[in-house]
$ cat input_32.txt   # compact mmCIF, C-alpha atoms and all ligand atoms
# COMPACT_ATOMS: atom_id res chain seq x y z
CA MET D 172 0.00 0.00 0.00
CA SER D 173 1.33 3.42 -0.86
CA PHE D 174 0.93 6.36 1.50
CA PRO D 175 -0.69 8.71 1.86
CA ILE D 176 -4.04 7.08 1.13
CA ARG D 177 -6.14 9.67 -0.71
CA VAL D 178 -9.60 9.67 0.89
CA THR D 179 -12.73 11.45 -0.36
CA ILE D 180 -15.82 11.65 1.85
CA TRP D 181 -19.09 12.14 -0.06
CA ASN D 182 -22.06 13.38 1.95
CA GLU D 183 -25.56 14.25 0.81
CA PHE D 184 -25.47 17.11 3.38
CA ARG D 185 -29.21 17.82 3.52
CA HIS D 186 -30.37 16.73 7.00
CA GLU D 187 -27.76 19.01 8.56
CA LYS D 188 -29.32 22.02 6.81
CA ILE D 189 -32.96 21.33 7.72
CA ASN D 190 -33.01 19.51 11.08
CA PRO D 191 -31.68 21.53 14.06
CA ARG D 192 -31.01 18.33 15.99
CA VAL D 193 -28.68 17.12 13.27
CA THR D 194 -27.07 20.55 12.93
CA GLU D 195 -26.30 20.53 16.63
CA LEU D 196 -24.59 17.13 16.40
CA TYR D 197 -22.78 17.90 13.13
CA PRO D 198 -22.47 21.70 12.74
CA LEU D 199 -20.29 21.45 9.64
CA GLY D 200 -21.95 18.28 8.35
CA MET D 201 -21.28 14.61 9.04
CA HIS D 202 -18.60 14.63 6.33
CA GLU D 203 -16.54 17.19 8.26
CA THR D 204 -16.91 15.27 11.54
CA LEU D 205 -15.66 12.12 9.81
CA ALA D 206 -12.91 14.05 8.04
CA ALA D 207 -11.66 15.57 11.29
CA SER D 208 -11.36 12.07 12.74
CA LEU D 209 -9.56 10.59 9.71
CA ARG D 210 -7.22 13.59 9.47
CA LYS D 211 -5.67 12.57 12.79
CA SER D 212 -3.92 9.83 10.80
CA PRO D 213 -0.87 11.24 8.97
CA GLU D 214 -1.13 8.37 6.46
CA LEU D 215 -4.43 9.73 5.14
CA THR D 216 -5.17 12.84 3.07
CA VAL D 217 -8.86 13.62 3.31
CA ARG D 218 -11.18 15.72 1.16
CA THR D 219 -14.95 16.19 1.37
CA ILE D 220 -17.54 16.70 -1.36
CA THR D 221 -21.33 16.96 -1.27
CA LEU D 222 -24.38 16.34 -3.44
CA ASP D 223 -24.82 20.02 -4.32
CA ASP D 224 -21.28 20.44 -5.67
CA PRO D 225 -20.99 20.49 -9.48
CA GLU D 226 -21.17 16.87 -10.69
CA HIS D 227 -21.83 16.07 -7.00
CA GLY D 228 -18.11 16.67 -6.52
CA CYS D 229 -17.30 13.44 -8.38
CA THR D 230 -15.39 14.96 -11.28
CA PRO D 231 -13.09 12.69 -13.32
CA GLU D 232 -10.11 14.60 -11.90
CA LEU D 233 -11.21 14.04 -8.32
CA LEU D 234 -11.88 10.33 -8.86
CA ASP D 235 -8.46 9.93 -10.49
CA ASP D 236 -7.02 11.40 -7.30
CA THR D 237 -9.03 9.20 -4.88
CA ASP D 238 -7.97 5.81 -3.46
CA VAL D 239 -10.95 5.33 -1.12
CA MET D 240 -14.37 7.00 -1.16
CA LEU D 241 -16.87 7.10 1.73
CA TRP D 242 -20.56 7.59 0.90
CA TRP D 243 -23.41 8.82 3.16
CA GLY D 244 -26.83 9.55 1.67
CA HIS D 245 -30.48 9.24 2.66
CA LEU D 246 -33.03 11.82 1.45
CA ALA D 247 -31.83 12.41 -2.07
CA HIS D 248 -30.43 9.21 -3.58
CA HIS D 249 -32.61 9.91 -6.65
CA GLU D 250 -30.91 13.28 -7.22
CA VAL D 251 -27.56 11.63 -7.92
CA GLN D 252 -27.07 11.63 -11.69
CA ASP D 253 -26.68 8.24 -13.33
CA SER D 254 -23.67 9.47 -15.31
CA VAL D 255 -21.89 10.22 -12.02
CA VAL D 256 -22.88 6.86 -10.58
CA ASN D 257 -21.46 5.12 -13.65
CA ARG D 258 -18.20 7.06 -13.31
CA VAL D 259 -17.81 6.14 -9.62
CA HIS D 260 -18.73 2.54 -10.41
CA GLN D 261 -16.01 2.29 -13.06
CA ARG D 262 -13.47 3.75 -10.65
CA VAL D 263 -14.38 1.04 -8.10
CA LEU D 264 -13.93 -1.66 -10.75
CA ASP D 265 -10.51 -0.14 -11.49
CA GLY D 266 -9.59 -0.52 -7.82
CA MET D 267 -10.91 2.41 -5.78
CA GLY D 268 -12.10 1.35 -2.31
CA MET D 269 -15.68 2.20 -1.31
CA VAL D 270 -16.94 2.53 2.27
CA VAL D 271 -20.74 2.73 2.29
CA LEU D 272 -22.30 4.10 5.46
CA HIS D 273 -25.74 3.57 7.06
CA SER D 274 -28.64 4.72 4.84
CA ALA D 275 -26.38 4.73 1.80
CA HIS D 276 -27.47 1.07 1.58
CA PHE D 277 -30.12 2.55 -0.75
CA SER D 278 -27.71 4.73 -2.73
CA LYS D 279 -27.56 4.21 -6.48
CA ILE D 280 -23.86 3.38 -6.33
CA PHE D 281 -24.26 0.67 -3.65
CA ARG D 282 -27.24 -0.93 -5.40
CA LYS D 283 -25.35 -0.94 -8.69
CA LEU D 284 -22.32 -2.54 -7.04
CA MET D 285 -24.47 -5.15 -5.28
CA GLY D 286 -26.94 -5.88 -8.08
CA SER D 287 -29.75 -6.38 -5.54
CA THR D 288 -32.45 -4.22 -3.94
CA CYS D 289 -30.46 -3.68 -0.70
CA ASN D 290 -33.81 -3.47 1.09
CA LEU D 291 -34.04 -4.00 4.85
CA LYS D 292 -36.33 -3.57 7.87
CA TRP D 293 -36.02 -0.44 10.01
CA ARG D 294 -37.44 1.30 13.06
CA GLU D 295 -36.53 4.65 14.59
CA GLU D 296 -37.00 4.97 18.36
CA GLU D 297 -35.58 7.44 20.82
CA ASN D 298 -33.67 5.04 23.03
CA GLU D 299 -33.08 1.74 21.24
CA ARG D 300 -29.67 0.28 21.97
CA GLU D 301 -27.53 -1.56 19.48
CA ILE D 302 -24.91 -4.15 20.38
CA LEU D 303 -22.38 -4.78 17.60
CA TRP D 304 -20.74 -8.21 17.91
CA VAL D 305 -17.43 -8.94 16.22
CA THR D 306 -17.87 -12.02 14.03
CA ARG D 307 -14.41 -11.98 12.37
CA PRO D 308 -11.85 -11.57 15.17
CA GLY D 309 -8.51 -10.72 13.64
CA HIS D 310 -10.03 -9.02 10.60
CA PRO D 311 -8.19 -5.74 9.92
CA ILE D 312 -11.42 -3.72 10.05
CA VAL D 313 -12.12 -4.73 13.68
CA GLN D 314 -8.54 -4.21 14.87
CA GLY D 315 -8.68 -2.46 18.26
CA ILE D 316 -12.31 -3.40 18.91
CA GLY D 317 -13.14 -5.86 21.72
CA ASP D 318 -15.58 -8.71 21.19
CA HIS D 319 -18.44 -6.19 21.05
CA PHE D 320 -19.35 -2.56 21.58
CA ILE D 321 -22.62 -0.82 22.39
CA LEU D 322 -24.34 2.23 20.95
CA ALA D 323 -26.90 3.47 23.49
CA ARG D 324 -29.14 5.00 20.83
CA GLU D 325 -29.41 4.06 17.19
CA GLU D 326 -31.97 3.39 14.49
CA MET D 327 -32.81 -0.30 14.09
CA TYR D 328 -31.96 -2.04 10.82
CA GLY D 329 -33.14 -5.65 10.65
CA GLU D 330 -32.85 -8.71 8.44
CA TYR D 331 -33.66 -9.61 5.85
CA PHE D 332 -31.05 -7.32 4.27
CA ASP D 333 -31.16 -8.01 0.52
CA ILE D 334 -27.46 -8.10 -0.34
CA PRO D 335 -25.37 -10.73 -2.12
CA GLU D 336 -23.70 -13.06 0.37
CA PRO D 337 -20.77 -11.01 1.75
CA GLU D 338 -17.20 -12.22 1.30
CA SER D 339 -16.81 -11.46 4.98
CA THR D 340 -19.23 -10.39 7.69
CA PHE D 341 -17.21 -8.77 10.45
CA LEU D 342 -20.03 -7.39 12.64
CA ILE D 343 -23.56 -8.52 13.48
CA SER D 344 -25.84 -6.20 15.47
CA SER D 345 -28.60 -7.03 17.89
CA PHE D 346 -31.21 -4.44 18.82
CA GLY D 347 -33.48 -3.76 21.77
CA GLY D 348 -36.47 -5.13 19.85
CA GLY D 349 -34.73 -8.46 19.24
CA GLU D 350 -33.82 -8.01 15.57
CA VAL D 351 -30.37 -8.81 14.19
CA PHE D 352 -28.50 -7.33 11.22
CA ARG D 353 -25.27 -7.89 9.26
CA SER D 354 -23.73 -4.52 10.15
CA GLY D 355 -20.23 -4.94 8.75
CA CYS D 356 -19.73 -6.66 5.39
CA THR D 357 -17.17 -6.73 2.59
CA TRP D 358 -17.16 -7.57 -1.11
CA THR D 359 -14.89 -7.09 -4.10
CA ARG D 360 -16.06 -5.87 -7.50
CA GLY D 361 -13.43 -5.86 -10.21
CA ALA D 362 -10.27 -4.72 -8.43
CA GLY D 363 -12.19 -2.63 -5.89
CA LYS D 364 -12.84 -3.47 -2.26
CA ILE D 365 -16.20 -2.51 -0.80
CA VAL D 366 -17.23 -2.16 2.85
CA TYR D 367 -20.73 -1.65 4.21
CA PHE D 368 -20.85 -0.32 7.81
CA ARG D 369 -24.31 0.15 9.29
CA PRO D 370 -24.33 2.71 12.15
CA GLY D 371 -24.73 6.41 11.48
CA HIS D 372 -28.33 7.62 11.81
CA GLU D 373 -28.20 11.40 11.56
CA THR D 374 -30.12 12.25 14.76
CA PHE D 375 -27.79 10.29 17.05
CA PRO D 376 -24.15 11.09 17.98
CA THR D 377 -22.88 7.90 16.31
CA TYR D 378 -20.05 9.56 14.37
CA HIS D 379 -18.61 10.84 17.65
CA ASP D 380 -18.29 7.29 19.05
CA PRO D 381 -14.65 6.16 19.28
CA ASN D 382 -15.37 2.55 18.27
CA VAL D 383 -17.33 3.67 15.22
CA LEU D 384 -14.57 6.07 14.21
CA ARG D 385 -11.93 3.39 14.71
CA ILE D 386 -13.79 0.99 12.43
CA ILE D 387 -14.20 3.65 9.73
CA ASP D 388 -10.46 4.42 9.90
CA ASN D 389 -9.66 0.68 9.71
CA ALA D 390 -12.12 0.24 6.82
CA VAL D 391 -10.45 3.00 4.80
CA ARG D 392 -7.05 1.33 5.20
CA TRP D 393 -8.46 -2.10 4.35
CA ALA D 394 -10.25 -0.84 1.22
CA ALA D 395 -7.27 1.09 -0.12
CA PRO D 396 -5.75 -0.31 -3.32
CA ILE D 397 -2.42 -2.10 -2.85
CA GLY D 398 -0.73 -0.28 -5.72
CA PRO D 399 -1.57 2.25 -8.43
CA LEU D 400 -5.00 1.73 -9.95
CA ASP D 401 -4.87 -0.18 -13.24
CA LYS D 402 -7.30 1.03 -15.87
CA GLU D 403 -6.23 -1.78 -18.20
CA ILE D 404 -7.99 -4.48 -16.18
CA PHE D 405 -11.01 -4.50 -18.45
CA GLY D 406 -9.17 -3.42 -21.60
CA LYS D 407 -9.48 -5.09 -24.98
CA ARG D 408 -6.86 -7.70 -25.89
CA GLU D 409 -5.79 -8.35 -29.46
CA LEU D 410 -5.25 -11.92 -30.63
CA GLY D 411 -1.61 -12.95 -30.37
CA TRP D 412 -0.72 -10.53 -27.55
CA ILE D 413 0.97 -13.25 -25.51
CA ASN D 414 3.57 -13.82 -28.22
CA GLY D 415 4.24 -10.14 -28.53
CA LYS D 416 2.74 -10.05 -32.02
ZN ZN I 1 -31.00 6.42 9.44
$ encode --input "input_32.txt" --output "structure tokens"
Amino acid sequence: MSFPIRVTIWNEFRHEKINPRVTELYPLGMHETLAASLRKSPELTVRTITLDDPEHGCTPELLDDTDVMLWWGHLAHHEVQDSVVNRVHQRVLDGMGMVVLHSAHFSKIFRKLMGSTCNLKWREEENEREILWVTRPGHPIVQGIGDHFILAREEMYGEYFDIPEPESTFLISSFGGGEVFRSGCTWTRGAGKIVYFRPGHETFPTYHDPNVLRIIDNAVRWAAPIGPLDKEIFGKRELGWINGK
């Protein structure tokens, strides 16, 4: 892996502008709270972009300069242009890591990468606790986490979660109501590594929790490409190439 890892955090950035409770928790937006945490690591260079930026911030130049992208969306998945989704998708196939957070399970980019509905059950209560159990001890993404950690207040997401069988499931949550959920999962698509990490409902202080921030930092490092991204992976081959003809 080459350092620094170039990280781009994409946030829809709408709840923070319309819900005072969210503004209070994340005055500069969830993307800036996450960025401030990741910037403590000298191995990471971190930029933020939002839905309302031109091309949603996902210009070809920015993608060419990104090793790992984080994605948080909820209200406005439908506003993300398909041309931008296709561009991000191709960059993942070329090897860019993708860390998909919470309600971005319904984002266009995650659904395109998964090829399934990504539907799930949900319930929002004031005081429902979530216990996140480590199901892959030793996995790099749960480095520094004990056998579980607890979030006192979170939104419930429950199975069935319509995703392709993950290549690894590193966390399973249980909720106050009894439901369970695959909260930490990984896949590869092309040369790109993909992480889904569940917590992060906007009205709770989840992105201030040290365990959550540790996992996001670990996930960025895990998803980073090993070497320079190779755009030739899906290139056309002429007959006779192996003989140098
Ligand atoms: Zn939510």
$ residues_around --input "input_32.txt" --residues "region 339-343 of chain D" --least-positions-apart "6" --cutoff "12 Å" --atoms "all atoms listed in the file" --output "PyMOL selection string"
chain D and resi 301-314+316-321+328-330+332+350-359+364-370+383+386+390
$ residues_near_ligand --input "input_32.txt" --ligand "ligand ZN 1 (chain I)" --cutoff "10 Å" --atoms "only C-alpha atoms and all ligand atoms" --output "PyMOL selection string"
chain D and resi 244-246+272-275+293-295+325-328+369-375
$ closest_residue --input "input_32.txt" --among "D:Met240, D:Ala394, D:Leu234, D:Ile180" --to "Ser208 (chain D)" --atoms "only C-alpha atoms"
D:Ile180
$ atom_distance --input "input_32.txt" --atom1 "CA of Gly268 (chain D)" --atom2 "CA of Pro396 (chain D)"
6.6 Å
$ atom_distance --input "input_32.txt" --atom1 "CA of Arg218 (chain D)" --atom2 "CA of Val178 (chain D)"
6.3 Å
$ residues_near_point --input "input_32.txt" --point "(-29.6, 11.3, -10.9)" --cutoff "12 Å" --atoms "all atoms listed in the file" --output "PyMOL selection string"
chain D and resi 222-223+226-227+247-257+278-280
$ closest_residue --input "input_32.txt" --among "D:Glu183, D:Glu232, D:Asp238, D:Asp265" --to "Lys402 (chain D)" --atoms "all atoms listed in the file"
D:Asp265
$ decode --input "input_32.txt" --residues "region 259-270 of chain D" --atoms "all heavy atoms" --output "JSON list (two decimals), in the first residue's frame"
[["chain", "number", "residue", "atom", "x", "y", "z"],
["D", 259, "VAL", "N", -18.31, 6.65, -10.91],
["D", 259, "VAL", "CA", -17.81, 6.14, -9.62],
["D", 259, "VAL", "C", -17.71, 4.62, -9.67],
["D", 259, "VAL", "O", -16.73, 4.03, -9.21],
["D", 259, "VAL", "CB", -18.73, 6.60, -8.47],
["D", 259, "VAL", "CG1", -18.30, 5.97, -7.15],
["D", 259, "VAL", "CG2", -18.72, 8.13, -8.34],
["D", 260, "HIS", "N", -18.72, 3.99, -10.28],
["D", 260, "HIS", "CA", -18.73, 2.54, -10.41],
["D", 260, "HIS", "C", -17.51, 2.04, -11.16],
["D", 260, "HIS", "O", -16.83, 1.10, -10.73],
["D", 260, "HIS", "CB", -20.03, 2.14, -11.13],
["D", 260, "HIS", "CG", -20.22, 0.67, -11.27],
["D", 260, "HIS", "ND1", -20.00, 0.01, -12.46],
["D", 260, "HIS", "CD2", -20.58, -0.29, -10.38],
["D", 260, "HIS", "CE1", -20.24, -1.28, -12.30],
["D", 260, "HIS", "NE2", -20.59, -1.49, -11.05],
["D", 261, "GLN", "N", -17.19, 2.71, -12.27],
["D", 261, "GLN", "CA", -16.01, 2.29, -13.06],
["D", 261, "GLN", "C", -14.74, 2.44, -12.25],
["D", 261, "GLN", "O", -13.84, 1.59, -12.30],
["D", 261, "GLN", "CB", -15.93, 3.11, -14.35],
["D", 261, "GLN", "CG", -14.78, 2.69, -15.25],
["D", 261, "GLN", "CD", -14.90, 1.24, -15.71],
["D", 261, "GLN", "OE1", -15.94, 0.81, -16.20],
["D", 261, "GLN", "NE2", -13.84, 0.45, -15.52],
["D", 262, "ARG", "N", -14.67, 3.52, -11.48],
["D", 262, "ARG", "CA", -13.47, 3.75, -10.65],
["D", 262, "ARG", "C", -13.33, 2.64, -9.59],
["D", 262, "ARG", "O", -12.21, 2.20, -9.29],
["D", 262, "ARG", "CB", -13.56, 5.12, -9.99],
["D", 262, "ARG", "CG", -12.38, 5.50, -9.11],
["D", 262, "ARG", "CD", -11.13, 5.82, -9.89],
["D", 262, "ARG", "NE", -10.05, 6.23, -9.00],
["D", 262, "ARG", "CZ", -8.78, 6.36, -9.34],
["D", 262, "ARG", "NH1", -8.41, 6.14, -10.59],
["D", 262, "ARG", "NH2", -7.86, 6.72, -8.48],
["D", 263, "VAL", "N", -14.45, 2.17, -9.05],
["D", 263, "VAL", "CA", -14.38, 1.04, -8.10],
["D", 263, "VAL", "C", -13.87, -0.21, -8.82],
["D", 263, "VAL", "O", -12.97, -0.89, -8.32],
["D", 263, "VAL", "CB", -15.76, 0.77, -7.44],
["D", 263, "VAL", "CG1", -15.71, -0.51, -6.59],
["D", 263, "VAL", "CG2", -16.18, 1.95, -6.58],
["D", 264, "LEU", "N", -14.40, -0.48, -10.01],
["D", 264, "LEU", "CA", -13.93, -1.66, -10.75],
["D", 264, "LEU", "C", -12.44, -1.57, -11.02],
["D", 264, "LEU", "O", -11.72, -2.57, -11.01],
["D", 264, "LEU", "CB", -14.70, -1.81, -12.07],
["D", 264, "LEU", "CG", -16.20, -2.03, -11.97],
["D", 264, "LEU", "CD1", -16.81, -2.18, -13.36],
["D", 264, "LEU", "CD2", -16.55, -3.23, -11.10],
["D", 265, "ASP", "N", -11.95, -0.35, -11.24],
["D", 265, "ASP", "CA", -10.51, -0.14, -11.49],
["D", 265, "ASP", "C", -9.67, -0.31, -10.22],
["D", 265, "ASP", "O", -8.44, -0.41, -10.31],
["D", 265, "ASP", "CB", -10.26, 1.27, -12.06],
["D", 265, "ASP", "CG", -10.78, 1.43, -13.49],
["D", 265, "ASP", "OD1", -11.00, 0.40, -14.16],
["D", 265, "ASP", "OD2", -10.99, 2.57, -13.92],
["D", 266, "GLY", "N", -10.34, -0.28, -9.05],
["D", 266, "GLY", "CA", -9.59, -0.52, -7.82],
["D", 266, "GLY", "C", -9.81, 0.45, -6.68],
["D", 266, "GLY", "O", -9.23, 0.29, -5.61],
["D", 267, "MET", "N", -10.65, 1.50, -6.88],
["D", 267, "MET", "CA", -10.91, 2.41, -5.78],
["D", 267, "MET", "C", -11.72, 1.72, -4.69],
["D", 267, "MET", "O", -12.71, 1.04, -4.97],
["D", 267, "MET", "CB", -11.68, 3.65, -6.28],
["D", 267, "MET", "CG", -11.98, 4.68, -5.18],
["D", 267, "MET", "SD", -12.87, 6.14, -5.80],
["D", 267, "MET", "CE", -14.55, 5.49, -5.94],
["D", 268, "GLY", "N", -11.32, 1.89, -3.43],
["D", 268, "GLY", "CA", -12.10, 1.35, -2.31],
["D", 268, "GLY", "C", -13.35, 2.17, -2.08],
["D", 268, "GLY", "O", -13.39, 3.36, -2.37],
["D", 269, "MET", "N", -14.39, 1.52, -1.54],
["D", 269, "MET", "CA", -15.68, 2.20, -1.31],
["D", 269, "MET", "C", -16.19, 1.80, 0.06],
["D", 269, "MET", "O", -16.37, 0.61, 0.34],
["D", 269, "MET", "CB", -16.65, 1.73, -2.40],
["D", 269, "MET", "CG", -17.91, 2.52, -2.47],
["D", 269, "MET", "SD", -17.60, 4.02, -3.44],
["D", 269, "MET", "CE", -19.02, 4.95, -2.95],
["D", 270, "VAL", "N", -16.39, 2.79, 0.93],
["D", 270, "VAL", "CA", -16.94, 2.53, 2.27],
["D", 270, "VAL", "C", -18.33, 3.15, 2.32],
["D", 270, "VAL", "O", -18.48, 4.38, 2.27],
["D", 270, "VAL", "CB", -16.04, 3.11, 3.37],
["D", 270, "VAL", "CG1", -16.64, 2.84, 4.76],
["D", 270, "VAL", "CG2", -14.63, 2.51, 3.28]]
